[in-house]
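One file, data-v6.tsv, is given below (TSV, C-alpha atoms).
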chain	number	residue	atom	x	y	z
H	16	MET	CA	-3.71	-15.54	-24.54
H	17	PRO	CA	-1.52	-14.07	-21.77
H	18	THR	CA	-1.57	-14.99	-18.11
H	19	TRP	CA	-3.35	-12.59	-15.76
H	20	ARG	CA	-0.03	-11.23	-14.51
H	21	GLU	CA	1.09	-10.44	-18.05
H	22	ALA	CA	-2.27	-8.92	-18.96
H	23	ILE	CA	-2.47	-6.76	-15.82
H	24	THR	CA	1.10	-5.52	-16.31
H	25	THR	CA	0.29	-4.31	-19.81
H	26	ALA	CA	-3.15	-2.94	-18.87
H	27	LEU	CA	-1.87	-0.90	-15.93
H	28	TYR	CA	1.77	-0.13	-16.71
H	29	GLY	CA	2.28	-0.64	-20.44
H	30	SER	CA	2.98	2.24	-22.83
H	31	HIS	CA	-0.75	3.07	-22.91
H	32	GLY	CA	-1.52	1.67	-19.47
H	33	PHE	CA	-4.10	2.94	-17.03
H	34	TYR	CA	-1.50	4.35	-14.60
H	35	VAL	CA	1.09	5.84	-16.94
H	36	THR	CA	-0.74	7.69	-19.67
H	37	GLY	CA	-1.09	10.98	-17.76
H	38	GLY	CA	-4.00	13.29	-18.56
H	39	THR	CA	-6.87	12.48	-16.19
H	40	PRO	CA	-5.54	12.39	-12.61
H	41	VAL	CA	-5.06	8.78	-11.57
H	42	PRO	CA	-5.98	7.27	-9.19
H	43	ALA	CA	-7.94	10.13	-7.60
H	44	ALA	CA	-10.36	10.32	-10.53
H	45	HIS	CA	-11.36	6.68	-10.06
H	46	PHE	CA	-11.22	5.80	-6.37
H	47	ARG	CA	-10.34	7.25	-2.97
H	48	THR	CA	-7.47	6.02	-0.83
H	49	SER	CA	-6.36	7.01	2.67
H	50	ALA	CA	-3.39	8.84	1.17
H	51	GLN	CA	-5.75	11.16	-0.73
H	52	SER	CA	-7.72	12.14	2.38
H	53	GLY	CA	-5.59	15.15	3.28
H	54	ALA	CA	-4.32	16.34	6.65
H	55	PRO	CA	-5.64	13.66	9.07
H	56	PHE	CA	-3.87	10.74	7.38
H	57	ALA	CA	-0.80	12.89	6.69
H	58	ARG	CA	-0.65	13.83	10.39
H	59	ALA	CA	-0.66	10.13	11.31
H	60	VAL	CA	2.19	9.41	8.89
H	61	LEU	CA	4.07	12.44	10.19
H	62	GLU	CA	3.60	11.29	13.80
H	63	LEU	CA	4.96	7.86	12.88
H	64	LEU	CA	7.89	9.59	11.19
H	65	HIS	CA	8.58	11.56	14.38
H	66	ARG	CA	8.57	8.38	16.46
H	67	VAL	CA	10.91	6.60	14.05
H	68	ASP	CA	13.15	9.68	13.95
H	69	ARG	CA	13.56	9.57	17.74
H	70	GLN	CA	14.47	5.89	17.63
H	71	LEU	CA	17.00	6.56	14.87
H	72	GLY	CA	18.65	9.27	16.95
H	73	HIS	CA	17.61	12.17	14.70
H	74	PRO	CA	19.82	11.44	11.68
H	75	ASP	CA	21.14	14.29	9.53
H	76	ARG	CA	18.80	13.19	6.73
H	77	LEU	CA	15.38	11.67	7.34
H	78	ASP	CA	13.50	10.07	4.43
H	79	LEU	CA	9.80	9.74	3.79
H	80	VAL	CA	9.31	7.66	0.64
H	81	ASP	CA	5.78	7.30	-0.77
H	82	LEU	CA	5.72	4.19	-2.96
H	83	GLY	CA	2.89	4.33	-5.50
H	84	ALA	CA	2.49	8.04	-4.84
H	85	GLY	CA	-0.26	8.62	-7.44
H	86	GLY	CA	-1.06	12.32	-7.50
H	87	GLY	CA	1.37	13.12	-4.68
H	88	GLU	CA	-1.44	13.99	-2.27
H	89	LEU	CA	0.20	12.48	0.83
H	90	LEU	CA	3.58	14.13	0.30
H	91	THR	CA	1.95	17.47	-0.51
H	92	ALA	CA	0.01	17.34	2.76
H	93	VAL	CA	3.11	16.31	4.76
H	94	HIS	CA	5.11	19.11	3.14
H	95	GLN	CA	2.46	21.63	4.13
H	96	LEU	CA	2.32	20.32	7.70
H	97	THR	CA	6.09	20.35	8.19
H	98	GLY	CA	6.30	23.84	6.70
H	99	THR	CA	3.96	25.22	9.35
H	100	THR	CA	4.72	23.15	12.44
H	101	ASP	CA	8.04	21.32	12.06
H	102	GLY	CA	10.81	23.73	11.12
H	103	PRO	CA	13.73	21.67	12.55
H	104	LEU	CA	12.40	18.43	11.07
H	105	ALA	CA	11.68	20.06	7.71
H	106	ALA	CA	15.34	21.01	7.39
H	107	ARG	CA	16.36	17.34	7.60
H	108	LEU	CA	13.42	15.78	5.77
H	109	ARG	CA	13.68	14.40	2.24
H	110	LEU	CA	10.30	13.68	0.63
H	111	THR	CA	10.28	11.34	-2.35
H	112	GLY	CA	7.35	10.14	-4.44
H	113	VAL	CA	7.75	6.92	-6.41
H	114	ASP	CA	5.44	6.19	-9.32
H	115	LEU	CA	5.59	5.20	-12.99
H	116	ALA	CA	3.26	8.08	-13.87
H	117	PRO	CA	4.74	11.49	-14.71
H	118	ARG	CA	5.42	13.97	-11.92
H	119	PRO	CA	2.07	15.57	-10.98
H	120	ALA	CA	1.55	19.20	-11.88
H	121	GLY	CA	1.62	21.42	-8.83
H	122	LEU	CA	3.67	19.06	-6.67
H	123	PRO	CA	5.75	21.18	-4.25
H	124	HIS	CA	9.25	21.73	-5.59
H	125	PRO	CA	11.08	20.14	-2.61
H	126	VAL	CA	9.29	16.82	-3.21
H	127	GLY	CA	11.38	14.48	-5.34
H	128	TRP	CA	9.81	12.20	-7.95
H	129	ARG	CA	11.25	8.90	-9.18
H	130	THR	CA	10.19	5.72	-10.95
H	131	ALA	CA	12.02	3.52	-8.41
H	132	PRO	CA	12.64	3.96	-4.65
H	133	PRO	CA	15.89	5.58	-3.55
H	134	THR	CA	18.37	3.14	-2.06
H	135	GLU	CA	19.87	3.44	1.42
H	136	ALA	CA	16.88	5.45	2.70
H	137	CYS	CA	16.77	6.18	6.42
H	138	GLY	CA	13.30	6.81	7.86
H	139	VAL	CA	9.89	5.64	6.66
H	140	LEU	CA	8.76	4.05	3.41
H	141	VAL	CA	4.98	3.96	3.04
H	142	ALA	CA	2.98	2.16	0.35
H	143	THR	CA	-0.75	2.95	0.49
H	144	GLU	CA	-2.80	0.64	-1.74
H	145	TRP	CA	0.28	-0.14	-3.82
H	146	LEU	CA	0.57	-3.88	-3.29
H	147	ASP	CA	-2.99	-4.55	-4.45
H	148	ASN	CA	-1.97	-3.14	-7.84
H	149	VAL	CA	1.15	-5.30	-8.18
H	150	PRO	CA	0.18	-7.68	-11.03
H	151	LEU	CA	-0.43	-11.28	-10.02
H	152	ASP	CA	-1.36	-14.57	-11.64
H	153	LEU	CA	-4.41	-16.72	-11.05
H	154	ALA	CA	-4.23	-20.49	-10.68
H	155	VAL	CA	-6.94	-23.11	-11.16
H	156	ARG	CA	-7.03	-26.79	-10.18
H	157	HIS	CA	-7.99	-29.40	-12.77
H	158	GLY	CA	-7.90	-32.84	-11.23
H	159	ASP	CA	-4.43	-33.41	-9.85
H	160	ASP	CA	-2.87	-30.51	-11.74
H	161	LEU	CA	-2.61	-26.77	-11.07
H	162	HIS	CA	-2.69	-24.48	-14.09
H	163	TYR	CA	-2.26	-20.79	-14.77
H	164	VAL	CA	-5.40	-18.97	-15.86
H	165	LEU	CA	-5.16	-17.24	-19.23
H	166	VAL	CA	-7.26	-14.18	-20.12
H	167	ASP	CA	-8.36	-12.37	-23.26
H	168	PRO	CA	-7.38	-8.70	-22.63
H	169	ALA	CA	-10.19	-7.43	-24.85
H	170	THR	CA	-13.07	-9.36	-23.28
H	171	GLY	CA	-11.89	-10.81	-19.96
H	172	ALA	CA	-12.73	-14.35	-21.14
H	173	GLN	CA	-10.61	-16.97	-19.37
H	174	ARG	CA	-9.32	-20.50	-19.93
H	175	PRO	CA	-6.73	-22.77	-18.29
H	176	GLY	CA	-3.12	-22.47	-19.46
H	177	GLY	CA	0.12	-24.22	-18.65
H	178	VAL	CA	0.98	-26.08	-15.47
H	179	LEU	CA	2.21	-23.91	-12.58
H	180	ALA	CA	5.94	-23.33	-12.23
H	181	ASP	CA	7.50	-24.89	-9.13
H	182	ALA	CA	7.88	-21.54	-7.32
H	183	ASP	CA	4.19	-20.67	-7.73
H	184	ALA	CA	3.09	-24.18	-6.80
H	185	ALA	CA	5.22	-23.94	-3.64
H	186	TRP	CA	3.70	-20.56	-2.76
H	187	LEU	CA	0.19	-21.96	-3.22
H	188	ALA	CA	0.94	-24.99	-1.05
H	189	ARG	CA	2.29	-22.78	1.75
H	190	TRP	CA	-0.06	-19.80	1.66
H	191	TRP	CA	-3.44	-20.89	0.25
H	192	PRO	CA	-5.93	-23.47	1.58
H	193	PRO	CA	-6.23	-26.60	-0.60
H	194	LEU	CA	-8.21	-26.01	-3.78
H	195	ALA	CA	-11.13	-28.16	-4.83
H	196	ASP	CA	-11.34	-29.29	-8.44
H	197	GLY	CA	-12.25	-26.27	-10.58
H	198	ALA	CA	-11.48	-23.74	-7.83
H	199	SER	CA	-9.02	-20.90	-8.38
H	200	ALA	CA	-6.62	-18.83	-6.27
H	201	GLU	CA	-4.77	-15.54	-6.53
H	202	LEU	CA	-1.01	-16.16	-6.49
H	203	GLY	CA	0.68	-13.65	-4.20
H	204	ARG	CA	4.31	-14.51	-4.91
H	205	SER	CA	4.77	-11.41	-7.08
H	206	ARG	CA	3.54	-9.20	-4.21
H	207	ASP	CA	5.95	-10.92	-1.79
H	208	GLU	CA	8.84	-10.21	-4.14
H	209	ALA	CA	7.79	-6.61	-4.71
H	210	TRP	CA	7.49	-5.91	-0.98
H	211	ALA	CA	10.80	-7.61	-0.19
H	212	ALA	CA	12.50	-5.45	-2.82
H	213	ALA	CA	10.94	-2.31	-1.31
H	214	VAL	CA	12.06	-3.26	2.22
H	215	ARG	CA	15.61	-3.80	0.98
H	216	THR	CA	15.82	-0.16	-0.16
H	217	LEU	CA	15.76	0.92	3.53
H	218	ARG	CA	19.01	1.13	5.47
H	219	ARG	CA	17.27	1.87	8.78
H	220	GLY	CA	13.69	2.68	9.68
H	221	VAL	CA	10.31	1.14	8.96
H	222	ALA	CA	8.48	0.10	5.81
H	223	VAL	CA	4.69	0.41	6.00
H	224	ALA	CA	2.17	-1.20	3.66
H	225	VAL	CA	-1.46	-0.07	3.98
H	226	ASP	CA	-3.87	-2.21	1.99
H	227	TYR	CA	-6.88	-4.45	1.66
H	228	GLY	CA	-5.83	-7.93	2.64
H	229	HIS	CA	-6.55	-11.35	4.08
H	230	ARG	CA	-4.75	-14.02	6.09
H	231	TYR	CA	-4.60	-17.77	5.49
H	232	ALA	CA	-7.76	-18.70	7.37
H	233	GLU	CA	-9.68	-15.89	5.64
H	234	ARG	CA	-8.70	-16.47	2.02
H	235	PRO	CA	-11.76	-15.72	-0.17
H	236	ALA	CA	-13.09	-18.80	-1.92
H	237	THR	CA	-14.49	-16.71	-4.79
H	238	GLY	CA	-11.47	-14.41	-5.18
H	239	THR	CA	-11.16	-10.63	-5.00
H	240	LEU	CA	-9.99	-9.64	-8.48
H	241	THR	CA	-12.01	-6.65	-9.65
H	242	GLY	CA	-11.89	-3.48	-11.72
H	243	PHE	CA	-12.54	0.16	-10.84
H	244	ARG	CA	-13.46	3.05	-13.08
H	245	ALA	CA	-14.78	6.50	-12.14
H	246	GLY	CA	-15.58	5.46	-8.59
H	247	ARG	CA	-17.48	2.29	-9.49
H	248	SER	CA	-16.65	-1.39	-9.42
H	249	VAL	CA	-16.56	-2.88	-12.93
H	250	ALA	CA	-15.69	-6.23	-14.48
H	251	PRO	CA	-11.91	-6.85	-14.37
H	252	VAL	CA	-11.24	-6.66	-18.09
H	253	PRO	CA	-7.50	-5.95	-18.58
H	254	ASP	CA	-7.86	-3.71	-21.61
H	255	GLY	CA	-6.30	-0.60	-20.04
H	256	SER	CA	-9.59	1.20	-19.45
H	257	CYS	CA	-9.87	0.48	-15.70
H	258	ASP	CA	-7.90	-0.28	-12.59
H	259	ILE	CA	-7.34	-3.99	-11.91
H	260	THR	CA	-6.86	-4.90	-8.27
H	261	ALA	CA	-6.93	-7.86	-5.88
H	262	HIS	CA	-6.62	-8.05	-2.12
H	263	VAL	CA	-3.21	-8.84	-0.62
H	264	ALA	CA	-2.18	-12.06	1.13
H	265	ILE	CA	-0.89	-9.90	3.97
H	266	ASP	CA	0.62	-12.70	6.07
H	267	SER	CA	2.65	-13.95	3.14
H	268	VAL	CA	3.85	-10.42	2.36
H	269	ALA	CA	4.78	-9.91	6.03
H	270	ALA	CA	6.92	-13.05	6.02
H	271	ALA	CA	8.71	-11.97	2.85
H	272	GLY	CA	9.36	-8.52	4.29
H	273	ALA	CA	10.76	-9.95	7.51
H	274	THR	CA	13.20	-12.10	5.55
H	275	ALA	CA	14.24	-9.09	3.48
H	276	ALA	CA	14.70	-6.93	6.60
H	277	ALA	CA	16.94	-9.52	8.18
H	278	GLY	CA	19.32	-9.18	5.26
H	279	ALA	CA	18.83	-5.54	4.35
H	280	GLY	CA	21.26	-4.03	6.83
H	281	GLY	CA	23.78	-6.81	7.22
H	282	ALA	CA	24.68	-7.90	10.74
H	283	ALA	CA	22.97	-4.86	12.28
H	284	ALA	CA	19.62	-5.96	10.89
H	285	ALA	CA	19.82	-9.51	12.14
H	286	GLY	CA	18.15	-8.49	15.40
H	287	ALA	CA	15.33	-6.55	13.76
H	288	ALA	CA	11.98	-6.80	15.48
H	289	PRO	CA	9.23	-8.84	13.79
H	290	PRO	CA	6.64	-7.05	11.66
H	291	VAL	CA	3.48	-5.61	13.18
H	292	LEU	CA	0.06	-6.32	11.64
H	293	ARG	CA	-2.80	-4.07	12.77
H	294	ARG	CA	-6.04	-2.75	11.31
H	295	GLN	CA	-6.12	0.91	10.33
H	296	ARG	CA	-9.03	1.52	12.72
H	297	ASP	CA	-6.63	0.66	15.57
H	298	VAL	CA	-3.45	2.25	14.20
H	299	LEU	CA	-4.72	5.76	13.48
H	300	PRO	CA	-6.01	6.49	16.99
H	301	ALA	CA	-2.63	5.34	18.32
H	302	LEU	CA	-1.05	7.95	16.04
H	303	GLY	CA	-3.33	10.73	17.21
H	304	VAL	CA	-6.13	10.63	14.62
H	305	SER	CA	-9.47	11.17	16.34
H	306	GLY	CA	-12.97	11.37	14.93
H	307	GLY	CA	-14.22	13.30	17.94
H	308	ARG	CA	-16.42	16.30	17.19
H	309	PRO	CA	-14.82	19.65	18.12
H	310	PRO	CA	-16.44	21.59	20.99
H	311	LEU	CA	-19.41	23.60	19.80
H	312	ALA	CA	-18.11	26.64	21.69
H	313	LEU	CA	-15.31	26.88	19.12
H	314	ALA	CA	-17.91	27.79	16.49
H	315	GLY	CA	-18.55	31.05	18.32
H	316	THR	CA	-14.92	32.02	18.93
H	317	ASP	CA	-13.30	30.65	15.76
H	318	PRO	CA	-15.88	29.72	13.11
H	319	ARG	CA	-13.30	28.88	10.43
H	320	GLY	CA	-11.28	26.80	12.87
H	321	TYR	CA	-14.44	25.00	13.95
H	322	LEU	CA	-15.35	24.12	10.35
H	323	ALA	CA	-11.81	22.88	9.68
H	324	ALA	CA	-11.87	20.74	12.83
H	325	LEU	CA	-15.31	19.39	11.94
H	326	SER	CA	-14.10	18.45	8.46
H	327	ALA	CA	-11.03	16.74	9.92
H	328	ALA	CA	-13.22	14.80	12.35
H	329	GLY	CA	-15.39	13.61	9.48
H	330	THR	CA	-12.34	12.46	7.54
H	331	ALA	CA	-10.98	10.68	10.62
H	332	THR	CA	-14.29	8.84	10.97
H	333	GLU	CA	-14.05	7.75	7.33
H	334	LEU	CA	-10.45	6.59	7.82
H	335	THR	CA	-11.35	4.44	10.83
H	336	ASP	CA	-14.64	3.00	9.54
H	337	PRO	CA	-14.23	-0.78	10.09
H	338	TYR	CA	-16.32	-1.51	6.99
H	339	GLY	CA	-14.30	0.84	4.79
H	340	LEU	CA	-10.80	2.29	4.98
H	341	GLY	CA	-10.55	1.38	8.67
H	342	GLY	CA	-10.54	-2.28	7.66
H	343	HIS	CA	-7.22	-1.91	5.85
H	344	TRP	CA	-4.20	-3.70	7.22
H	345	TRP	CA	-1.11	-1.82	8.32
H	346	LEU	CA	2.00	-3.96	7.90
H	347	ILE	CA	4.86	-2.24	9.73
H	348	GLN	CA	8.24	-3.81	9.00
H	349	PRO	CA	11.20	-2.51	11.03
H	350	VAL	CA	14.63	-2.50	9.42
H	351	GLY	CA	17.53	-2.32	11.87
H	352	ALA	CA	18.03	-3.73	15.33
H	353	ASP	CA	17.44	-0.37	16.98
H	354	ILE	CA	13.73	-0.08	16.03
H	355	ASP	CA	11.32	-0.91	18.84
H	356	THR	CA	7.96	-1.53	17.20
H	357	GLY	CA	6.23	-1.80	20.57
H	358	SER	CA	6.66	1.90	21.22
H	359	LEU	CA	5.79	3.06	17.69
H	360	LEU	CA	2.06	2.61	18.30
H	361	ALA	CA	1.99	3.03	22.08
Please, can you express the file's structure as structure tokens?
Amino acid sequence: MPTWREAITTALYGSHGFYVTGGTPVPAAHFRTSAQSGAPFARAVLELLHRVDRQLGHPDRLDLVDLGAGGGELLTAVHQLTGTTDGPLAARLRLTGVDLAPRPAGLPHPVGWRTAPPTEACGVLVATEWLDNVPLDLAVRHGDDLHYVLVDPATGAQRPGGVLADADAAWLARWWPPLADGASAELGRSRDEAWAAAVRTLRRGVAVAVDYGHRYAERPATGTLTGFRAGRSVAPVPDGSCDITAHVAIDSVAAAGATAAAGAGGAAAAGAAPPVLRRQRDVLPALGVSGGRPPLALAGTDPRGYLAALSAAGTATELTDPYGLGGHWWLIQPVGADIDTGSLLA
């Protein structure tokens, strides 16, 4: 039997994996993320991009990299917004989607599509619900020993496997509360490494991870590993028929990203500001996303505009709902000594 990390990797990203087989649009056919919500979230990302652009001194080329781009919804919306309101920025902007799935049909031609992030990017890298799909292992304590959890990909049945490697045991000791006998934990070391690698692709700018997560004092005793199919939570059976996800140890990821940022740009990065951790319900209003209802008088003078504004307000309310998408963490990691995170969300 494989470990959970091995099984998830095959189930999601193997030759017949859930995310790479094409056909039915994934992930939009199975669950809704902030990146799929259209203009309100795209406007927030675009506003952040503007603020980073000013701090970078308006470079000749400005990157927006969407890591785990799915159906390309975020980049499509940003492309549409810049085409109508940001002529000067649009001329400098390079939009790049990164995903193992094939390029989505209908993606605007100027949007690039890759299986790995471009290197030496200057601007903003955003990963919306990407880290929670980075495969991870589970560990279980038996007496004095910590073991990997093995899983049957066809049924989801589990049993203890080999003793943890030193690196995973060290991660568990640092980032997870002590386990009682028989208790298990989700090992986030693979997410730390994935995020650090993403941060290192930036030359200057900010890397942003938006995801479900928890910090040390809030680690879930019963775990968060679950499956999703067609909008419903299902048993996490890694047979390729459903999404497999687990919440992110966001404090551990933040520490790994900060270490990566300190080395990403050489001496210039050594003075990089520390990462910012905020809830989405607090970040989006700071970036201009409001759930306020448009004035009723607009319905009489511009009915179509009123309906569009009403729809946007409804989406903004969804995005800032503290019990839903608004509960997501935003991890904002600056790369380069000239990024002032304090003013990014002011």
Report task. Taking the point (0.7, -30.2, -11.6) as given in the file, collect each protein or nucleic acid residue that comes within 6 Å of it, counting only C-alpha atoms, and present the set as a PyMOL selection string. Result -> chain H and resi 160-161+178
Query raised in the report: With all atoms listed in the file as the basis for distance, which of H:Gly342, H:Gly351, H:Pro133, H:Gly72 is at the shortest distance from Leu299 in chain H?
Result: H:Gly342
If we count only C-alpha atoms and set the cut-off at 9 Å, which residues sit around Gly272 in chain H, ignoring sequence neighbours fewer than 6 positions away in its own chain? Please answer as a short mmCIF file (atom, residue, chain, number, x, y, z; two decimals) with C-alpha atoms, in the coordinates of the input.
data_model
loop_
_atom_site.label_atom_id
_atom_site.label_comp_id
_atom_site.auth_asym_id
_atom_site.auth_seq_id
_atom_site.Cartn_x
_atom_site.Cartn_y
_atom_site.Cartn_z
CA ASP H 207 5.95 -10.92 -1.79
CA GLU H 208 8.84 -10.21 -4.14
CA TRP H 210 7.49 -5.91 -0.98
CA ALA H 211 10.80 -7.61 -0.19
CA ALA H 212 12.50 -5.45 -2.82
CA ALA H 213 10.94 -2.31 -1.31
CA VAL H 214 12.06 -3.26 2.22
CA ARG H 215 15.61 -3.80 0.98
CA ALA H 222 8.48 0.10 5.81
CA PRO H 290 6.64 -7.05 11.66
CA GLN H 348 8.24 -3.81 9.00
#
Report summary line: Between H:Ile23, H:Leu82, H:Val268, H:Ala209, smallest distance to Trp190 in chain H by only C-alpha atoms belongs to H:Val268
**Report entry** Among the residues H:Val304, H:Val155, H:Ala270, H:Ile265, the one that comes closest to Gly177 in chain H [using all atoms listed in the file]
**Finding:** H:Val155
Query raised in the report: From the list H:Glu62, H:Asp68, H:Glu144, H:Asp353, which residue is nearest Gly83 in chain H when using all atoms listed in the file?
Result: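 Nearest candidate to Gly83 in chain H out of H:Glu62, H:Asp68, H:Glu144, H:Asp353: H:Glu144.
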**Report entry** Non-local contacts of Leu64 in chain H (8 Å; all atoms listed in the file; under 4 positions in same chain excluded) as a PyMOL selection string
**Finding:** chain H and resi 60+68+79+138-139
**Report entry** From H:Val298, H:Leu359, H:Ala250, H:Val93, residue lying nearest Asp81 in chain H [all atoms listed in the file]
**Finding:**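 That would be H:Val93, the residue with the smallest distance to Asp81 in chain H.
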